[in-house]
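A.B. asks: Sharing model.tsv below, TSV, C-alpha atoms:
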```tsv
chain	number	residue	atom	x	y	z
A	1190	MET	CA	80.80	107.65	107.60
A	1191	GLU	CA	79.07	104.73	105.97
A	1192	GLY	CA	77.04	104.45	102.79
A	1193	ARG	CA	75.70	101.76	100.53
A	1194	ASN	CA	79.10	100.57	99.33
A	1195	PHE	CA	81.64	102.68	101.21
A	1196	ARG	CA	83.02	103.36	104.67
A	1197	TYR	CA	85.30	106.32	105.40
A	1198	CYS	CA	87.17	107.31	108.57
A	1199	PHE	CA	88.23	110.91	109.22
A	1200	SER	CA	90.68	111.91	111.96
A	1201	THR	CA	89.72	114.93	114.05
A	1202	GLU	CA	93.35	115.07	115.24
A	1203	THR	CA	94.92	115.47	111.80
A	1204	GLY	CA	91.97	116.89	109.85
A	1205	SER	CA	92.37	114.28	107.12
A	1206	PHE	CA	91.11	110.88	106.02
A	1207	VAL	CA	92.69	107.79	107.55
A	1208	SER	CA	90.60	105.16	105.74
A	1209	LEU	CA	88.76	104.98	102.41
A	1210	GLN	CA	86.96	101.65	101.96
A	1211	ARG	CA	85.00	100.82	98.84
A	1212	ASN	CA	83.02	97.57	98.49
A	1213	GLY	CA	84.81	96.23	101.54
A	1214	ARG	CA	88.27	97.00	100.16
A	1215	GLU	CA	90.67	99.50	101.74
A	1216	TYR	CA	92.17	101.94	99.23
A	1217	LEU	CA	94.15	104.14	101.62
A	1218	CYS	CA	97.39	102.54	102.82
A	1219	ARG	CA	98.12	105.22	105.42
A	1220	PRO	CA	96.53	108.52	106.51
A	1221	SER	CA	96.44	111.34	103.98
A	1222	THR	CA	98.50	114.47	104.69
A	1223	TYR	CA	98.68	118.15	103.84
A	1224	GLU	CA	101.83	119.04	101.91
A	1225	ILE	CA	103.80	122.28	101.47
A	1226	CYS	CA	107.27	120.86	100.69
A	1227	ARG	CA	108.80	118.82	97.90
A	1228	ALA	CA	111.87	116.64	97.60
A	1229	PRO	CA	114.74	119.01	96.70
A	1230	ALA	CA	115.72	119.09	93.06
A	1231	ASP	CA	119.30	119.87	92.04
A	1232	ASN	CA	118.12	123.43	91.41
A	1233	ASP	CA	116.75	123.63	94.96
A	1234	MET	CA	120.11	122.81	96.55
A	1235	PHE	CA	120.47	126.17	98.35
A	1236	ILE	CA	116.88	127.22	99.02
A	1237	SER	CA	116.02	123.77	100.36
A	1238	GLY	CA	118.89	123.81	102.84
A	1239	ARG	CA	120.54	120.74	101.29
A	1240	VAL	CA	123.81	122.70	101.21
A	1241	PRO	CA	124.70	125.82	103.27
A	1242	GLY	CA	124.42	129.24	101.72
A	1243	LEU	CA	121.11	130.92	102.63
A	1244	THR	CA	119.54	132.03	105.90
A	1245	TYR	CA	116.01	131.48	104.61
A	1246	THR	CA	115.59	127.85	103.59
A	1247	TRP	CA	112.75	125.35	103.54
A	1248	LYS	CA	114.40	123.55	106.43
A	1249	SER	CA	114.89	126.68	108.54
A	1250	MET	CA	111.19	127.51	108.09
A	1251	GLY	CA	110.19	123.97	108.99
A	1252	LEU	CA	108.43	123.35	105.68
A	1253	ASP	CA	109.80	119.82	105.40
A	1254	ASN	CA	108.37	118.86	108.79
A	1255	ALA	CA	105.01	120.64	108.93
A	1256	GLN	CA	102.30	118.88	110.94
A	1257	PRO	CA	98.57	119.64	111.34
A	1258	TYR	CA	97.09	121.04	114.54
A	1259	THR	CA	93.30	120.99	114.54
A	1260	TYR	CA	90.81	123.17	116.45
A	1261	GLY	CA	87.79	120.88	116.40
A	1262	THR	CA	85.54	119.33	113.78
A	1263	GLU	CA	81.87	120.12	113.17
A	1264	VAL	CA	79.73	117.52	111.39
A	1265	SER	CA	76.34	118.25	109.85
A	1266	GLU	CA	74.01	116.99	107.14
A	1267	GLU	CA	73.15	119.33	104.31
A	1268	LYS	CA	71.20	118.58	101.13
A	1269	GLY	CA	71.80	114.84	101.34
A	1270	ARG	CA	75.49	115.21	102.08
A	1271	VAL	CA	77.53	114.82	105.25
A	1272	ARG	CA	79.54	118.00	105.76
A	1273	MET	CA	82.67	118.26	107.92
A	1274	GLU	CA	84.35	121.53	108.79
A	1275	CYS	CA	87.79	121.34	110.39
A	1276	PRO	CA	89.86	124.49	110.97
A	1277	LEU	CA	93.54	123.64	111.40
A	1278	SER	CA	97.06	125.00	111.27
A	1279	LEU	CA	100.18	123.60	109.68
A	1280	VAL	CA	102.97	124.01	112.22
A	1281	SER	CA	106.54	122.87	112.70
A	1282	PRO	CA	107.97	122.10	116.16
A	1283	HIS	CA	109.16	125.26	117.96
A	1284	LEU	CA	108.24	127.49	114.99
A	1285	ALA	CA	105.28	129.75	114.26
A	1286	GLU	CA	102.24	128.70	112.26
A	1287	ILE	CA	103.07	128.25	108.59
A	1288	ALA	CA	99.53	128.10	107.21
A	1289	GLY	CA	95.97	128.25	108.45
A	1290	ILE	CA	93.42	126.05	106.67
A	1291	HIS	CA	89.65	125.99	106.96
A	1292	ALA	CA	89.04	122.50	105.56
A	1293	VAL	CA	85.57	121.52	104.39
A	1294	TYR	CA	84.70	118.02	103.18
A	1295	GLU	CA	81.32	116.85	101.89
A	1296	ILE	CA	80.43	113.23	101.18
A	1297	ASP	CA	77.35	112.26	99.17
A	1298	GLY	CA	75.40	109.00	99.13
A	1299	GLU	CA	77.57	107.53	96.37
A	1300	GLY	CA	80.78	108.10	98.33
A	1301	SER	CA	82.04	111.06	96.29
A	1302	ILE	CA	84.16	113.48	98.31
A	1303	TYR	CA	84.03	117.23	97.68
A	1304	SER	CA	86.95	119.12	99.24
A	1305	GLY	CA	87.50	122.81	99.84
A	1306	LEU	CA	90.65	124.10	101.54
A	1307	ASP	CA	90.42	127.83	102.29
A	1308	THR	CA	94.05	128.61	103.08
A	1309	ARG	CA	96.11	131.55	104.38
A	1310	ILE	CA	99.90	131.48	104.33
A	1311	ARG	CA	101.92	133.40	106.91
A	1312	GLU	CA	102.82	136.79	105.47
A	1313	ASP	CA	106.58	136.63	106.10
A	1314	ILE	CA	106.98	133.40	104.10
A	1315	SER	CA	108.10	134.65	100.71
A	1316	TRP	CA	107.10	131.56	98.70
A	1317	LEU	CA	106.35	127.86	99.09
A	1318	PRO	CA	107.54	124.83	97.10
A	1319	ARG	CA	103.94	123.57	96.82
A	1320	PHE	CA	100.57	123.34	98.50
A	1321	GLY	CA	98.29	120.33	98.33
A	1322	VAL	CA	97.35	116.99	99.81
A	1323	ARG	CA	99.01	113.59	99.60
A	1324	LEU	CA	97.13	110.29	99.33
A	1325	PHE	CA	98.80	106.93	99.90
A	1326	LEU	CA	96.70	104.66	97.70
A	1327	ASP	CA	96.52	100.94	97.04
A	1328	SER	CA	99.42	100.00	94.76
A	1329	ASN	CA	96.99	98.12	92.51
A	1330	LEU	CA	95.80	101.55	91.33
A	1331	ASP	CA	98.77	101.43	88.99
A	1332	THR	CA	97.48	103.05	85.79
A	1333	CYS	CA	96.91	106.80	85.43
A	1334	THR	CA	94.94	108.70	82.82
A	1335	TYR	CA	95.10	112.49	82.93
A	1336	PHE	CA	94.42	115.59	80.87
A	1337	GLY	CA	97.28	118.03	81.34
A	1338	PHE	CA	100.83	118.74	80.24
A	1339	GLY	CA	102.68	115.56	79.33
A	1340	PRO	CA	103.81	112.98	78.47
A	1341	GLY	CA	107.02	113.89	80.33
A	1342	GLU	CA	107.21	115.73	83.63
A	1343	SER	CA	106.05	119.35	83.52
A	1344	TYR	CA	106.31	122.39	85.79
A	1345	VAL	CA	105.20	126.00	85.34
A	1346	ASP	CA	108.67	126.96	84.05
A	1347	LYS	CA	109.60	123.60	82.55
A	1348	LYS	CA	107.09	122.41	79.99
A	1349	GLU	CA	108.33	123.50	76.57
A	1350	GLY	CA	108.99	119.83	75.74
A	1351	CYS	CA	105.42	118.88	76.68
A	1352	TYR	CA	101.97	119.52	75.27
A	1353	ARG	CA	98.49	119.51	76.75
A	1354	ASP	CA	96.50	116.41	75.91
A	1355	ARG	CA	95.02	113.24	77.37
A	1356	PHE	CA	97.65	110.68	78.38
A	1357	THR	CA	97.63	107.22	79.94
A	1358	SER	CA	100.65	105.74	81.70
A	1359	ARG	CA	101.60	103.12	84.23
A	1360	ILE	CA	102.63	104.60	87.58
A	1361	LYS	CA	106.04	102.94	87.37
A	1362	ASP	CA	106.69	104.76	84.08
A	1363	MET	CA	105.88	108.23	85.51
A	1364	PHE	CA	109.10	108.27	87.55
A	1365	GLU	CA	112.10	110.20	86.16
A	1366	ASN	CA	115.11	108.17	87.27
A	1367	TYR	CA	117.65	110.89	88.00
A	1368	ILE	CA	121.06	109.67	89.21
A	1369	ARG	CA	120.55	111.67	92.40
A	1370	PRO	CA	116.94	111.20	93.57
A	1371	GLN	CA	114.93	114.42	93.61
A	1372	GLU	CA	111.59	116.03	92.85
A	1373	ASN	CA	110.28	114.63	89.58
A	1374	GLY	CA	107.27	113.42	87.65
A	1375	SER	CA	104.78	116.22	88.31
A	1376	HIS	CA	102.31	117.39	85.68
A	1377	CYS	CA	100.99	120.95	85.66
A	1378	GLY	CA	97.86	122.34	84.02
A	1379	THR	CA	95.84	119.21	84.81
A	1380	GLU	CA	92.04	119.24	84.54
A	1381	TYR	CA	91.39	115.69	85.74
A	1382	LEU	CA	93.12	112.42	86.43
A	1383	SER	CA	91.98	108.87	87.04
A	1384	LEU	CA	93.75	105.98	88.75
A	1385	THR	CA	92.53	102.48	88.04
A	1386	ASP	CA	93.28	98.85	88.84
A	1387	GLY	CA	91.24	97.74	85.84
A	1388	HIS	CA	88.08	97.21	87.89
A	1389	THR	CA	87.65	100.32	90.04
A	1390	SER	CA	88.72	103.85	89.14
A	1391	LEU	CA	89.30	106.86	91.38
A	1392	ARG	CA	88.78	110.09	89.49
A	1393	ILE	CA	89.97	113.51	90.71
A	1394	SER	CA	88.88	116.75	89.09
A	1395	SER	CA	88.82	120.46	89.85
A	1396	GLU	CA	87.23	123.57	88.37
A	1397	ASN	CA	90.72	125.08	88.01
A	1398	PRO	CA	93.86	123.46	86.57
A	1399	PHE	CA	96.06	121.84	89.19
A	1400	SER	CA	99.34	119.94	89.41
A	1401	PHE	CA	99.68	116.28	90.36
A	1402	GLN	CA	102.33	113.65	90.88
A	1403	ALA	CA	101.79	109.88	91.07
A	1404	LEU	CA	104.84	107.81	91.97
A	1405	GLU	CA	105.93	104.67	93.78
A	1406	TYR	CA	108.15	106.71	96.11
A	1407	MET	CA	107.58	109.16	98.97
A	1408	ARG	CA	109.11	112.63	98.82
A	1409	GLU	CA	110.99	111.89	102.07
A	1410	GLU	CA	112.67	108.92	100.38
A	1411	LEU	CA	113.67	111.01	97.38
A	1412	ALA	CA	115.11	113.65	99.72
A	1413	ALA	CA	117.05	111.21	101.90
A	1414	LYS	CA	118.86	109.07	99.33
A	1415	THR	CA	121.89	110.20	97.34
A	1416	HIS	CA	121.83	107.58	94.54
A	1417	HIS	CA	118.94	106.15	92.58
A	1418	PHE	CA	119.87	102.52	93.30
A	1419	GLN	CA	119.33	103.17	97.03
A	1420	LEU	CA	115.65	104.02	96.64
A	1421	GLU	CA	113.00	101.89	98.34
A	1422	LYS	CA	109.44	101.89	97.07
A	1423	ALA	CA	106.66	103.01	99.38
A	1424	GLY	CA	104.53	99.93	98.69
A	1425	CYS	CA	101.66	102.14	97.55
A	1426	THR	CA	100.77	104.69	94.89
A	1427	VAL	CA	101.79	108.07	96.32
A	1428	LEU	CA	99.51	110.72	94.85
A	1429	HIS	CA	100.13	114.44	95.33
A	1430	LEU	CA	97.29	116.80	94.41
A	1431	ASP	CA	98.71	120.31	94.32
A	1432	TYR	CA	96.89	123.63	94.11
A	1433	ALA	CA	100.23	124.95	92.87
A	1434	MET	CA	103.85	123.90	92.55
A	1435	SER	CA	106.70	126.42	92.26
A	1436	GLY	CA	108.93	126.24	89.22
A	1437	MET	CA	112.34	124.61	89.02
A	1438	GLY	CA	114.48	127.67	88.30
A	1439	THR	CA	118.22	127.25	87.72
A	1440	GLY	CA	119.39	127.39	91.34
A	1441	SER	CA	122.24	124.89	90.98
A	1442	CYS	CA	124.19	127.44	88.92
A	1443	GLY	CA	121.85	130.43	88.66
A	1444	PRO	CA	118.81	132.05	90.27
A	1445	VAL	CA	115.86	130.51	92.05
A	1446	PRO	CA	112.62	130.55	90.01
A	1447	PHE	CA	111.70	133.96	88.64
A	1448	PRO	CA	108.94	135.71	90.65
A	1449	GLU	CA	106.22	134.75	88.17
A	1450	TYR	CA	107.04	131.06	88.73
A	1451	ARG	CA	107.11	131.15	92.54
A	1452	PHE	CA	104.06	130.06	94.49
A	1453	ASP	CA	103.63	133.15	96.65
A	1454	GLU	CA	99.83	133.46	97.06
A	1455	LYS	CA	98.81	134.29	100.63
A	1456	HIS	CA	95.09	133.46	100.46
A	1457	PHE	CA	93.51	130.91	98.12
A	1458	LEU	CA	90.89	128.19	97.88
A	1459	PHE	CA	91.87	124.73	96.68
A	1460	SER	CA	88.76	122.75	95.77
A	1461	PHE	CA	88.59	119.34	94.14
A	1462	GLN	CA	86.43	116.24	94.13
A	1463	LEU	CA	87.08	112.51	94.27
A	1464	THR	CA	84.60	110.15	92.63
A	1465	TRP	CA	84.56	106.39	92.16
A	1466	GLU	CA	83.64	104.47	89.03
A	1467	GLU	CA	83.20	100.71	88.88
A	1468	ASN	CA	84.20	98.38	86.03
A	1469	LYS	CA	85.73	101.18	84.03
A	1470	GLY	CA	89.34	101.07	83.03
A	1471	ALA	CA	91.65	103.93	82.09
A	1472	ASP	CA	91.13	103.40	78.36
A	1473	ASP	CA	87.33	103.53	78.55
A	1474	TYR	CA	86.93	107.29	79.02
A	1475	GLU	CA	85.43	109.23	76.16
A	1476	MET	CA	87.49	112.02	74.63
```
What does the file become when written as structure tokens?

C.D. replies:
Amino acid sequence: MEGRNFRYCFSTETGSFVSLQRNGREYLCRPSTYEICRAPADNDMFISGRVPGLTYTWKSMGLDNAQPYTYGTEVSEEKGRVRMECPLSLVSPHLAEIAGIHAVYEIDGEGSIYSGLDTRIREDISWLPRFGVRLFLDSNLDTCTYFGFGPGESYVDKKEGCYRDRFTSRIKDMFENYIRPQENGSHCGTEYLSLTDGHTSLRISSENPFSFQALEYMREELAAKTHHFQLEKAGCTVLHLDYAMSGMGTGSCGPVPFPEYRFDEKHFLFSFQLTWEENKGADDYEM
């Protein structure tokens, strides 16, 4: 898809974008992905399968290795927008379908992307760590402005030390450097966020509050390493946009998240939009 100052590439095999070029510059370092798992936190040690103890774990259900399987992509033009519909499943090798997604993407003449993910989760999956998409963005997009719970990390059951406001931070400062690498740095109750390199800004917004995480590390790296000094940066800004993220609970010495903090919805619509703004830095937005 090409417009006046953009060129996008969409994979019909993965049902996601593999290239986002703006003014001749590539902003996507690797293909975007759909995400239903997180790096285990200390409190996820049993449910994640990091240590033995439970029959039902994220690993046993294949959540940490879910891959898309698409059923075809239909492209049309509607009201000045290119519209793509791509039904797909999230599956893990040798296991049943985890989720079915009817993905719809619309691109207008300015290069804005409108996304709608109509999703159904398999009924026998009691709850998920998260659901969302992951974008691997140019590392020069290193400053984030957002309106949500901050300035520290926040989750649905872990935000008493935070408050809802507009915050600006460098991506490198949004990482919580736990001695053992783990899930960290998410922000719940977000209305919008913007990533900028000082010249071009990528803004993400949704009609409903969402959770996001912007770090220099991939969740797989945080899950694999046992000490913080072993971590290797991804070489890009790793942005998670989550419809929902389950709470932290107290699973290292107590229960998993209480039912009200578990992401257990079986049918939902995650809609959001990505828009570009030129020559507008993070500090230029009006309150």

A.B. asks: Between A:Gly1440, A:Gly1339, A:Gly1289, A:Gly1374, which is the closest to Leu1428 (chain A) once you count only C-alpha atoms?

C.D. replies: A:Gly1374

A.B. asks: Could you give me, as a PyMOL selection string, the residues within 8 Å of Gln1402 (chain A), counting all atoms listed in the file and dropping anything in the same chain fewer than 2 positions from it?

C.D. replies: chain A and resi 1374-1376+1400+1404+1427-1430

A.B. asks: Find, counting all atoms listed in the file, the residue in A:Ala1423, A:Met1273, A:Met1234, A:Met1363 that gets nearest to Asp1327 (chain A).

C.D. replies: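 Of the candidates, the smallest distance to Asp1327 (chain A) is held by A:Ala1423.
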
A.B. asks: Which residues of region 1250-1270 of chain A have any atom within 12 Å of an atom in region 1302-1318 of chain A when counting all atoms listed in the file, and what is the closest pair of atoms for each, with the distance in Å to one decimal? Order the rows by chain and rising number and write it as CSV.

C.D. replies:
```
residue,atom,partner,partner_atom,distance
A:Met1250,CA,A:Ile1314,CA,8.3
A:Gly1251,CA,A:Ile1314,CA,11.1
A:Leu1252,CA,A:Leu1317,CA,8.3
A:Asp1253,CA,A:Pro1318,CA,10.0
A:Arg1270,CA,A:Ile1302,CA,9.6
```

A.B. asks: Provide an axis-aligned box for all listed atoms of region 1376-1388 of chain A, padding each side by 3 Å; report its centre and its edge lengths in Å to one decimal, as AutoDock Vina command-line options.

C.D. replies:
```
--center_x 95.2 --center_y 109.8 --center_z 86.4 --size_x 20.2 --size_y 31.1 --size_z 10.8
```

A.B. asks: Would you please work out which residue, of A:Asn1366, A:Thr1262, A:Ala1412, A:His1291, is nearest to Gly1238 (chain A) when using all atoms listed in the file?

C.D. replies: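 Distance minimum relative to Gly1238 (chain A) lands on A:Ala1412.
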
A.B. asks: Calculated over only C-alpha atoms, which of the candidates A:Thr1464, A:Ser1200, A:Ser1221, A:Ser1435 has the smallest distance to Tyr1450 (chain A)?

C.D. replies: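 Looking only at the distances to Tyr1450 (chain A), the closest residue turns out to be A:Ser1435.
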
A.B. asks: Could you work out how far CA of His1283 (chain A) lies from CA of Pro1257 (chain A), giving the answer in Å with one decimal?

C.D. replies: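 Straight-line distance from CA of Pro1257 (chain A) to CA of His1283 (chain A) works out to 13.7 Å.
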